[in-house]
>>> print(open('protein.pdb').read())   # PDB, C-alpha atoms
MODEL        1
ATOM      1  CA  MET A   1     -24.890 -15.174  12.082  1.00  0.00           C
ATOM      2  CA  THR A   2     -22.245 -12.481  12.400  1.00  0.00           C
ATOM      3  CA  ILE A   3     -23.442  -8.896  12.192  1.00  0.00           C
ATOM      4  CA  LYS A   4     -21.386  -6.757   9.837  1.00  0.00           C
ATOM      5  CA  HIS A   5     -21.137  -2.997  10.168  1.00  0.00           C
ATOM      6  CA  VAL A   6     -20.567  -0.382   7.492  1.00  0.00           C
ATOM      7  CA  TRP A   7     -17.438   1.725   8.069  1.00  0.00           C
ATOM      8  CA  LYS A   8     -17.073   4.789   5.827  1.00  0.00           C
ATOM      9  CA  ILE A   9     -13.716   6.336   5.012  1.00  0.00           C
ATOM     10  CA  ASP A  10     -13.414   9.799   6.509  1.00  0.00           C
ATOM     11  CA  SER A  11     -11.698  11.416   3.524  1.00  0.00           C
ATOM     12  CA  ILE A  12     -11.101  14.687   5.426  1.00  0.00           C
ATOM     13  CA  GLN A  13      -8.882  12.910   7.971  1.00  0.00           C
ATOM     14  CA  SER A  14      -7.404  10.336   5.570  1.00  0.00           C
ATOM     15  CA  ARG A  15      -4.570  10.477   3.061  1.00  0.00           C
ATOM     16  CA  ILE A  16      -3.477   8.394   0.072  1.00  0.00           C
ATOM     17  CA  ALA A  17       0.037   9.169  -1.139  1.00  0.00           C
ATOM     18  CA  PHE A  18       2.602   7.613  -3.483  1.00  0.00           C
ATOM     19  CA  LYS A  19       6.195   7.883  -4.628  1.00  0.00           C
ATOM     20  CA  VAL A  20       8.150   6.683  -7.618  1.00  0.00           C
ATOM     21  CA  GLY A  21      11.871   6.700  -8.406  1.00  0.00           C
ATOM     22  CA  TYR A  22      12.963   9.374 -10.842  1.00  0.00           C
ATOM     23  CA  MET A  23      16.055   9.256 -13.087  1.00  0.00           C
ATOM     24  CA  LEU A  24      17.799   6.736 -10.788  1.00  0.00           C
ATOM     25  CA  MET A  25      18.615   9.489  -8.321  1.00  0.00           C
ATOM     26  CA  GLY A  26      15.484  11.014  -6.928  1.00  0.00           C
ATOM     27  CA  VAL A  27      11.894  10.491  -5.973  1.00  0.00           C
ATOM     28  CA  ILE A  28       8.684  12.062  -7.164  1.00  0.00           C
ATOM     29  CA  ALA A  29       5.995  12.076  -4.468  1.00  0.00           C
ATOM     30  CA  GLY A  30       2.341  12.870  -4.779  1.00  0.00           C
ATOM     31  CA  GLU A  31      -1.110  12.124  -3.526  1.00  0.00           C
ATOM     32  CA  PHE A  32      -4.735  11.741  -4.474  1.00  0.00           C
ATOM     33  CA  ARG A  33      -6.847  14.420  -2.837  1.00  0.00           C
ATOM     34  CA  LYS A  34     -10.366  13.038  -3.443  1.00  0.00           C
ATOM     35  CA  PHE A  35     -11.501   9.519  -2.638  1.00  0.00           C
ATOM     36  CA  SER A  36     -14.276   7.660  -0.876  1.00  0.00           C
ATOM     37  CA  GLY A  37     -14.900   4.163   0.286  1.00  0.00           C
ATOM     38  CA  ARG A  38     -16.463   1.815   2.727  1.00  0.00           C
ATOM     39  CA  LEU A  39     -15.526  -1.273   4.649  1.00  0.00           C
ATOM     40  CA  LEU A  40     -18.028  -3.926   5.598  1.00  0.00           C
ATOM     41  CA  ALA A  41     -16.790  -5.801   8.693  1.00  0.00           C
ATOM     42  CA  ASP A  42     -17.826  -7.378  11.966  1.00  0.00           C
ATOM     43  CA  GLU A  43     -16.634  -6.183  15.400  1.00  0.00           C
ATOM     44  CA  SER A  44     -13.312  -8.047  15.107  1.00  0.00           C
ATOM     45  CA  PHE A  45     -12.690  -7.007  11.477  1.00  0.00           C
ATOM     46  CA  GLN A  46     -12.690 -10.625  10.312  1.00  0.00           C
ATOM     47  CA  GLU A  47     -13.147 -11.052   6.565  1.00  0.00           C
ATOM     48  CA  PRO A  48     -13.774  -7.377   5.801  1.00  0.00           C
ATOM     49  CA  GLU A  49     -14.916  -6.226   2.397  1.00  0.00           C
ATOM     50  CA  LEU A  50     -13.338  -2.982   1.162  1.00  0.00           C
ATOM     51  CA  ARG A  51     -14.474  -0.825  -1.747  1.00  0.00           C
ATOM     52  CA  LEU A  52     -12.390   2.247  -2.540  1.00  0.00           C
ATOM     53  CA  SER A  53     -12.957   4.807  -5.276  1.00  0.00           C
ATOM     54  CA  ILE A  54     -10.275   7.409  -6.056  1.00  0.00           C
ATOM     55  CA  GLU A  55     -11.006  10.401  -8.261  1.00  0.00           C
ATOM     56  CA  ALA A  56      -8.212  10.094 -10.839  1.00  0.00           C
ATOM     57  CA  ARG A  57      -8.269  13.833 -11.614  1.00  0.00           C
ATOM     58  CA  SER A  58      -7.359  14.589  -7.984  1.00  0.00           C
ATOM     59  CA  ILE A  59      -3.768  13.379  -8.500  1.00  0.00           C
ATOM     60  CA  THR A  60      -1.119  15.919  -7.622  1.00  0.00           C
ATOM     61  CA  THR A  61       2.665  15.858  -7.562  1.00  0.00           C
ATOM     62  CA  PHE A  62       2.639  19.592  -6.835  1.00  0.00           C
ATOM     63  CA  GLN A  63       4.049  20.399 -10.287  1.00  0.00           C
ATOM     64  CA  LYS A  64       1.439  21.588 -12.815  1.00  0.00           C
ATOM     65  CA  GLU A  65       3.087  20.428 -16.054  1.00  0.00           C
ATOM     66  CA  ARG A  66       3.706  16.921 -14.722  1.00  0.00           C
ATOM     67  CA  ASP A  67       0.193  16.745 -13.202  1.00  0.00           C
ATOM     68  CA  ASP A  68      -1.379  17.791 -16.510  1.00  0.00           C
ATOM     69  CA  TYR A  69       0.532  14.995 -18.259  1.00  0.00           C
ATOM     70  CA  LEU A  70      -0.491  12.424 -15.619  1.00  0.00           C
ATOM     71  CA  ARG A  71      -4.165  13.414 -16.037  1.00  0.00           C
ATOM     72  CA  GLY A  72      -3.924  13.368 -19.838  1.00  0.00           C
ATOM     73  CA  PRO A  73      -4.643  10.674 -22.438  1.00  0.00           C
ATOM     74  CA  GLY A  74      -1.034   9.425 -22.410  1.00  0.00           C
ATOM     75  CA  PHE A  75      -1.281   8.282 -18.796  1.00  0.00           C
ATOM     76  CA  LEU A  76      -4.393   8.201 -16.529  1.00  0.00           C
ATOM     77  CA  ASP A  77      -6.743   9.664 -19.170  1.00  0.00           C
ATOM     78  CA  THR A  78      -8.998  11.191 -16.527  1.00  0.00           C
ATOM     79  CA  GLU A  79     -11.467  12.378 -19.163  1.00  0.00           C
ATOM     80  CA  GLY A  80     -12.143   8.789 -20.244  1.00  0.00           C
ATOM     81  CA  TYR A  81     -11.562   7.073 -16.895  1.00  0.00           C
ATOM     82  CA  SER A  82     -12.717   9.209 -13.983  1.00  0.00           C
ATOM     83  CA  TYR A  83     -12.018   6.746 -11.167  1.00  0.00           C
ATOM     84  CA  ILE A  84      -9.409   4.325  -9.911  1.00  0.00           C
ATOM     85  CA  ARG A  85     -11.135   1.499  -8.036  1.00  0.00           C
ATOM     86  CA  TYR A  86     -10.041  -1.102  -5.487  1.00  0.00           C
ATOM     87  CA  VAL A  87     -12.242  -4.015  -4.357  1.00  0.00           C
ATOM     88  CA  SER A  88     -10.920  -6.488  -1.793  1.00  0.00           C
ATOM     89  CA  ILE A  89     -10.970 -10.224  -2.550  1.00  0.00           C
ATOM     90  CA  SER A  90      -9.022 -11.743   0.376  1.00  0.00           C
ATOM     91  CA  TYR A  91      -7.751 -10.812   3.799  1.00  0.00           C
ATOM     92  CA  ARG A  92      -5.451 -12.412   6.352  1.00  0.00           C
ATOM     93  CA  ARG A  93      -4.139 -11.536   9.785  1.00  0.00           C
ATOM     94  CA  VAL A  94      -0.332 -11.353   9.772  1.00  0.00           C
ATOM     95  CA  SER A  95       0.101 -10.906  13.533  1.00  0.00           C
ATOM     96  CA  THR A  96      -1.946 -10.652  16.693  1.00  0.00           C
ATOM     97  CA  GLY A  97      -0.862  -7.028  17.024  1.00  0.00           C
ATOM     98  CA  GLY A  98      -3.215  -5.635  14.377  1.00  0.00           C
ATOM     99  CA  LEU A  99      -1.198  -6.258  11.199  1.00  0.00           C
ATOM    100  CA  PHE A 100      -3.143  -7.531   8.176  1.00  0.00           C
ATOM    101  CA  GLU A 101      -2.721  -8.153   4.448  1.00  0.00           C
ATOM    102  CA  MET A 102      -5.530  -7.504   2.027  1.00  0.00           C
ATOM    103  CA  THR A 103      -5.490  -8.454  -1.630  1.00  0.00           C
ATOM    104  CA  GLY A 104      -7.867  -6.764  -3.992  1.00  0.00           C
ATOM    105  CA  LEU A 105      -8.501  -5.979  -7.608  1.00  0.00           C
ATOM    106  CA  LEU A 106      -7.240  -2.543  -8.609  1.00  0.00           C
ATOM    107  CA  THR A 107      -8.624  -1.006 -11.782  1.00  0.00           C
ATOM    108  CA  ILE A 108      -6.767   1.849 -13.458  1.00  0.00           C
ATOM    109  CA  ARG A 109      -8.168   2.971 -16.799  1.00  0.00           C
ATOM    110  CA  ASP A 110      -9.607  -0.266 -18.173  1.00  0.00           C
ATOM    111  CA  ILE A 111      -7.019  -2.671 -16.743  1.00  0.00           C
ATOM    112  CA  THR A 112      -7.615  -4.671 -13.569  1.00  0.00           C
ATOM    113  CA  ALA A 113      -4.865  -6.487 -11.655  1.00  0.00           C
ATOM    114  CA  PRO A 114      -4.437  -7.856  -8.131  1.00  0.00           C
ATOM    115  CA  VAL A 115      -2.663  -5.626  -5.599  1.00  0.00           C
ATOM    116  CA  THR A 116      -1.861  -6.527  -1.987  1.00  0.00           C
ATOM    117  CA  ILE A 117      -1.854  -3.890   0.728  1.00  0.00           C
ATOM    118  CA  VAL A 118      -0.602  -4.083   4.295  1.00  0.00           C
ATOM    119  CA  LEU A 119      -2.851  -2.610   6.972  1.00  0.00           C
ATOM    120  CA  SER A 120      -1.716  -1.796  10.477  1.00  0.00           C
ATOM    121  CA  LEU A 121      -4.379  -0.939  13.035  1.00  0.00           C
ATOM    122  CA  VAL A 122      -3.272   2.178  14.921  1.00  0.00           C
ATOM    123  CA  ALA A 123      -6.351   2.824  17.039  1.00  0.00           C
ATOM    124  CA  LEU A 124      -9.942   1.816  17.592  1.00  0.00           C
ATOM    125  CA  ILE A 125     -11.768   4.599  19.450  1.00  0.00           C
ATOM    126  CA  GLN A 126     -15.267   5.219  20.742  1.00  0.00           C
ATOM    127  CA  ASP A 127     -15.965   8.875  21.532  1.00  0.00           C
ATOM    128  CA  LYS A 128     -18.498  10.429  23.920  1.00  0.00           C
ATOM    129  CA  SER A 129     -21.236  10.361  21.283  1.00  0.00           C
ATOM    130  CA  GLU A 130     -20.587   6.613  20.909  1.00  0.00           C
ATOM    131  CA  THR A 131     -19.175   7.048  17.404  1.00  0.00           C
ATOM    132  CA  VAL A 132     -16.637   4.298  16.760  1.00  0.00           C
ATOM    133  CA  SER A 133     -13.597   5.125  14.606  1.00  0.00           C
ATOM    134  CA  ALA A 134     -10.690   3.043  13.366  1.00  0.00           C
ATOM    135  CA  HIS A 135      -7.343   4.402  12.179  1.00  0.00           C
ATOM    136  CA  TYR A 136      -5.167   2.289   9.874  1.00  0.00           C
ATOM    137  CA  LYS A 137      -1.748   2.836   8.341  1.00  0.00           C
ATOM    138  CA  VAL A 138      -1.746   1.363   4.834  1.00  0.00           C
ATOM    139  CA  SER A 139       1.142   0.567   2.482  1.00  0.00           C
ATOM    140  CA  GLY A 140       1.899  -1.361  -0.667  1.00  0.00           C
ATOM    141  CA  ALA A 141       3.437  -1.292  -4.103  1.00  0.00           C
ATOM    142  CA  LEU A 142       2.390  -1.847  -7.689  1.00  0.00           C
ATOM    143  CA  LEU A 143       4.005  -1.953 -11.100  1.00  0.00           C
ATOM    144  CA  ARG A 144       2.846   0.753 -13.507  1.00  0.00           C
ATOM    145  CA  SER A 145       3.432  -1.612 -16.407  1.00  0.00           C
ATOM    146  CA  ALA A 146       0.761  -4.004 -15.036  1.00  0.00           C
ATOM    147  CA  PHE A 147      -1.770  -1.254 -15.781  1.00  0.00           C
ATOM    148  CA  GLY A 148      -0.358  -0.118 -19.128  1.00  0.00           C
ATOM    149  CA  LEU A 149       0.931   3.132 -17.631  1.00  0.00           C
ATOM    150  CA  ASP A 150       4.089   3.746 -19.625  1.00  0.00           C
ATOM    151  CA  ILE A 151       5.232   7.230 -18.702  1.00  0.00           C
ATOM    152  CA  ASN A 152       8.615   6.572 -20.309  1.00  0.00           C
ATOM    153  CA  ALA A 153       7.008   6.526 -23.767  1.00  0.00           C
ATOM    154  CA  SER A 154       6.722  10.314 -23.568  1.00  0.00           C
ATOM    155  CA  GLY A 155      10.488  10.670 -23.736  1.00  0.00           C
ATOM    156  CA  LYS A 156      10.269  13.524 -21.218  1.00  0.00           C
ATOM    157  CA  GLU A 157      11.342  11.823 -18.008  1.00  0.00           C
ATOM    158  CA  TRP A 158      12.430   8.454 -16.719  1.00  0.00           C
ATOM    159  CA  PHE A 159      10.392   6.969 -13.892  1.00  0.00           C
ATOM    160  CA  ALA A 160      10.787   3.608 -12.191  1.00  0.00           C
ATOM    161  CA  ASP A 161       8.164   0.951 -12.866  1.00  0.00           C
ATOM    162  CA  GLU A 162       7.466   0.312  -9.170  1.00  0.00           C
ATOM    163  CA  VAL A 163       5.205   2.804  -7.432  1.00  0.00           C
ATOM    164  CA  THR A 164       4.978   2.584  -3.652  1.00  0.00           C
ATOM    165  CA  PHE A 165       1.950   3.943  -1.857  1.00  0.00           C
ATOM    166  CA  TRP A 166       0.916   4.550   1.707  1.00  0.00           C
ATOM    167  CA  GLY A 167      -1.844   6.176   3.609  1.00  0.00           C
ATOM    168  CA  ASP A 168      -3.536   7.041   6.823  1.00  0.00           C
ATOM    169  CA  ILE A 169      -7.095   5.810   6.614  1.00  0.00           C
ATOM    170  CA  ARG A 170      -9.697   6.755   9.190  1.00  0.00           C
ATOM    171  CA  LEU A 171     -12.971   4.896   9.202  1.00  0.00           C
ATOM    172  CA  ARG A 172     -16.167   5.773  11.049  1.00  0.00           C
ATOM    173  CA  ARG A 173     -18.679   3.074  11.824  1.00  0.00           C
ATOM    174  CA  GLU A 174     -22.179   4.007  10.781  1.00  0.00           C
ATOM    175  CA  LYS A 175     -24.755   3.744  13.508  1.00  0.00           C
ATOM    176  CA  THR A 176     -27.279   0.979  12.998  1.00  0.00           C
TER     177      THR A 176
ENDMDL
END
>>> encode(input="protein.pdb", output="structure tokens")
Amino acid sequence: MTIKHVWKIDSIQSRIAFKVGYMLMGVIAGEFRKFSGRLLADESFQEPELRLSIEARSITTFQKERDDYLRGPGFLDTEGYSYIRYVSISYRRVSTGGLFEMTGLLTIRDITAPVTIVLSLVALIQDKSETVSAHYKVSGALLRSAFGLDINASGKEWFADEVTFWGDIRLRREKT
């Protein structure tokens, strides 16, 4: 029987960011500032199970009017749907160098759809106190329309349907 360890996301040292094309000539970038999660995995990270919870209200594009709209009922509706959730369903090693693909179910508002992310292991470190940490680069893309997020209905701005996202995720293995 393989022993699995719990790895918690260190949200202080992690980042989840995104960008979306704007009016065919620019990019709007932003990030989610509050999130938590855990990974259940063995020593070699085979068949890990990831659960991620993002506080929808923590979205920022660093422009108040746009952020208020994104949090409002016409888009994320953070009053009715406080969290964006991701739960992994499959995982495969892409290369021997620490590159992986993980597919999971992403739920935004009340719509759930599969989303694949690419994970690249940057470092696996054990410090003097024997705390083990893992650092991953994460990237992927999703279509807003798959989640019913139609920002163009507002008539205010034109955004592309594809949203790319990336992150630096640091995990700390809990001591058993």
>>> resolve_selection(input="protein.pdb", expression="the PyMOL selection byres ((chain A and resi 13-16) around 9)", output="PDB file with C-alpha atoms, in the coordinates of the input")
ATOM      1  CA  ILE A   9     -13.716   6.336   5.012  1.00  0.00           C
ATOM      2  CA  ASP A  10     -13.414   9.799   6.509  1.00  0.00           C
ATOM      3  CA  SER A  11     -11.698  11.416   3.524  1.00  0.00           C
ATOM      4  CA  ILE A  12     -11.101  14.687   5.426  1.00  0.00           C
ATOM      5  CA  ALA A  17       0.037   9.169  -1.139  1.00  0.00           C
ATOM      6  CA  PHE A  18       2.602   7.613  -3.483  1.00  0.00           C
ATOM      7  CA  GLY A  30       2.341  12.870  -4.779  1.00  0.00           C
ATOM      8  CA  GLU A  31      -1.110  12.124  -3.526  1.00  0.00           C
ATOM      9  CA  PHE A  32      -4.735  11.741  -4.474  1.00  0.00           C
ATOM     10  CA  ARG A  33      -6.847  14.420  -2.837  1.00  0.00           C
ATOM     11  CA  PHE A  35     -11.501   9.519  -2.638  1.00  0.00           C
ATOM     12  CA  HIS A 135      -7.343   4.402  12.179  1.00  0.00           C
ATOM     13  CA  VAL A 138      -1.746   1.363   4.834  1.00  0.00           C
ATOM     14  CA  PHE A 165       1.950   3.943  -1.857  1.00  0.00           C
ATOM     15  CA  TRP A 166       0.916   4.550   1.707  1.00  0.00           C
ATOM     16  CA  GLY A 167      -1.844   6.176   3.609  1.00  0.00           C
ATOM     17  CA  ASP A 168      -3.536   7.041   6.823  1.00  0.00           C
ATOM     18  CA  ILE A 169      -7.095   5.810   6.614  1.00  0.00           C
ATOM     19  CA  ARG A 170      -9.697   6.755   9.190  1.00  0.00           C
ATOM     20  CA  LEU A 171     -12.971   4.896   9.202  1.00  0.00           C
TER      21      LEU A 171
END
>>> closest_residue(input="protein.pdb", among="A:Ile89, A:Ile111, A:Leu105, A:Ala29", to="Ala146 of chain A", atoms="only C-alpha atoms")
A:Ile111
>>> resolve_selection(input="protein.pdb", expression="the PyMOL selection byres ((chain A and resi 124) around 6)", output="ChimeraX atom specification")
/A:123,125,133-134
>>> closest_residue(input="protein.pdb", among="A:Asp77, A:Asp150, A:Glu174, A:Asp42", to="Glu162 of chain A", atoms="all atoms listed in the file")
A:Asp150
>>> resolve_selection(input="protein.pdb", expression="the PyMOL selection byres ((chain A and resi 161) around 6)", output="VMD selection string")
chain A and resid 143 to 144 160 162
>>> axis_aligned_box(input="protein.pdb", around="segment 5-20 of chain A", padding_each_side="4 Å", output="lines of an AutoDock Vina configuration file")
center_x = -6.5
center_y = 5.8
center_z = 1.3
size_x = 37.3
size_y = 25.7
size_z = 25.8
>>> residues_around(input="protein.pdb", residues="segment 69-74 of chain A", least_positions_apart="4", cutoff="9 Å", atoms="all atoms listed in the file", output="PyMOL selection string")
chain A and resi 56-60+64-65+78-80+149-151+153-154
>>> write_last_selection(input="protein.pdb", atoms="C-alpha atoms", output="mmCIF file, in the coordinates of the input")
data_model
loop_
_atom_site.group_PDB
_atom_site.id
_atom_site.type_symbol
_atom_site.label_atom_id
_atom_site.label_comp_id
_atom_site.auth_asym_id
_atom_site.auth_seq_id
_atom_site.Cartn_x
_atom_site.Cartn_y
_atom_site.Cartn_z
ATOM 1 C CA ALA A 56 -8.212 10.094 -10.839
ATOM 2 C CA ARG A 57 -8.269 13.833 -11.614
ATOM 3 C CA SER A 58 -7.359 14.589 -7.984
ATOM 4 C CA ILE A 59 -3.768 13.379 -8.500
ATOM 5 C CA THR A 60 -1.119 15.919 -7.622
ATOM 6 C CA LYS A 64 1.439 21.588 -12.815
ATOM 7 C CA GLU A 65 3.087 20.428 -16.054
ATOM 8 C CA THR A 78 -8.998 11.191 -16.527
ATOM 9 C CA GLU A 79 -11.467 12.378 -19.163
ATOM 10 C CA GLY A 80 -12.143 8.789 -20.244
ATOM 11 C CA LEU A 149 0.931 3.132 -17.631
ATOM 12 C CA ASP A 150 4.089 3.746 -19.625
ATOM 13 C CA ILE A 151 5.232 7.230 -18.702
ATOM 14 C CA ALA A 153 7.008 6.526 -23.767
ATOM 15 C CA SER A 154 6.722 10.314 -23.568
#
>>> residues_around(input="protein.pdb", residues="Lys8 of chain A", least_positions_apart="3", cutoff="7 Å", atoms="all atoms listed in the file", output="list of chain:residue names")
A:Gly37, A:Arg38, A:Leu39, A:Leu171, A:Arg172, A:Arg173
>>> residues_around(input="protein.pdb", residues="Tyr83 of chain A", least_positions_apart="5", cutoff="7 Å", atoms="all atoms listed in the file", output="CSV table (one decimal) with C-alpha atoms, keeping the file's coordinate frame")
chain,number,residue,atom,x,y,z
A,53,SER,CA,-13.0,4.8,-5.3
A,54,ILE,CA,-10.3,7.4,-6.1
A,55,GLU,CA,-11.0,10.4,-8.3
A,56,ALA,CA,-8.2,10.1,-10.8
>>> atom_distance(input="protein.pdb", atom1="atom CA of Lys19 of chain A", atom2="atom CA of Arg51 of chain A")
22.6 Å
>>> atom_distance(input="protein.pdb", atom1="atom CA of Thr112 of chain A", atom2="atom CA of Phe147 of chain A")
7.1 Å
>>> atom_distance(input="protein.pdb", atom1="atom CA of Lys34 of chain A", atom2="atom CA of Thr164 of chain A")
18.6 Å
>>> residues_around(input="protein.pdb", residues="Tyr86 of chain A", least_positions_apart="2", cutoff="8 Å", atoms="all atoms listed in the file", output="list in words")
Leu50, Arg51, Leu52, Ser53, Ile84, Ser88, Gly104, Leu105, Leu106 and Thr107 of chain A
>>> closest_residue(input="protein.pdb", among="A:Met102, A:Val94, A:Ile108, A:Val115", to="Tyr81 of chain A", atoms="all atoms listed in the file")
A:Ile108
>>> closest_residue(input="protein.pdb", among="A:Phe62, A:Trp7, A:Phe100, A:Tyr136", to="Gln46 of chain A", atoms="all atoms listed in the file")
A:Phe100
>>> closest_residue(input="protein.pdb", among="A:Gln63, A:Ser44, A:Thr103, A:Lys137", to="Ser90 of chain A", atoms="all atoms listed in the file")
A:Thr103
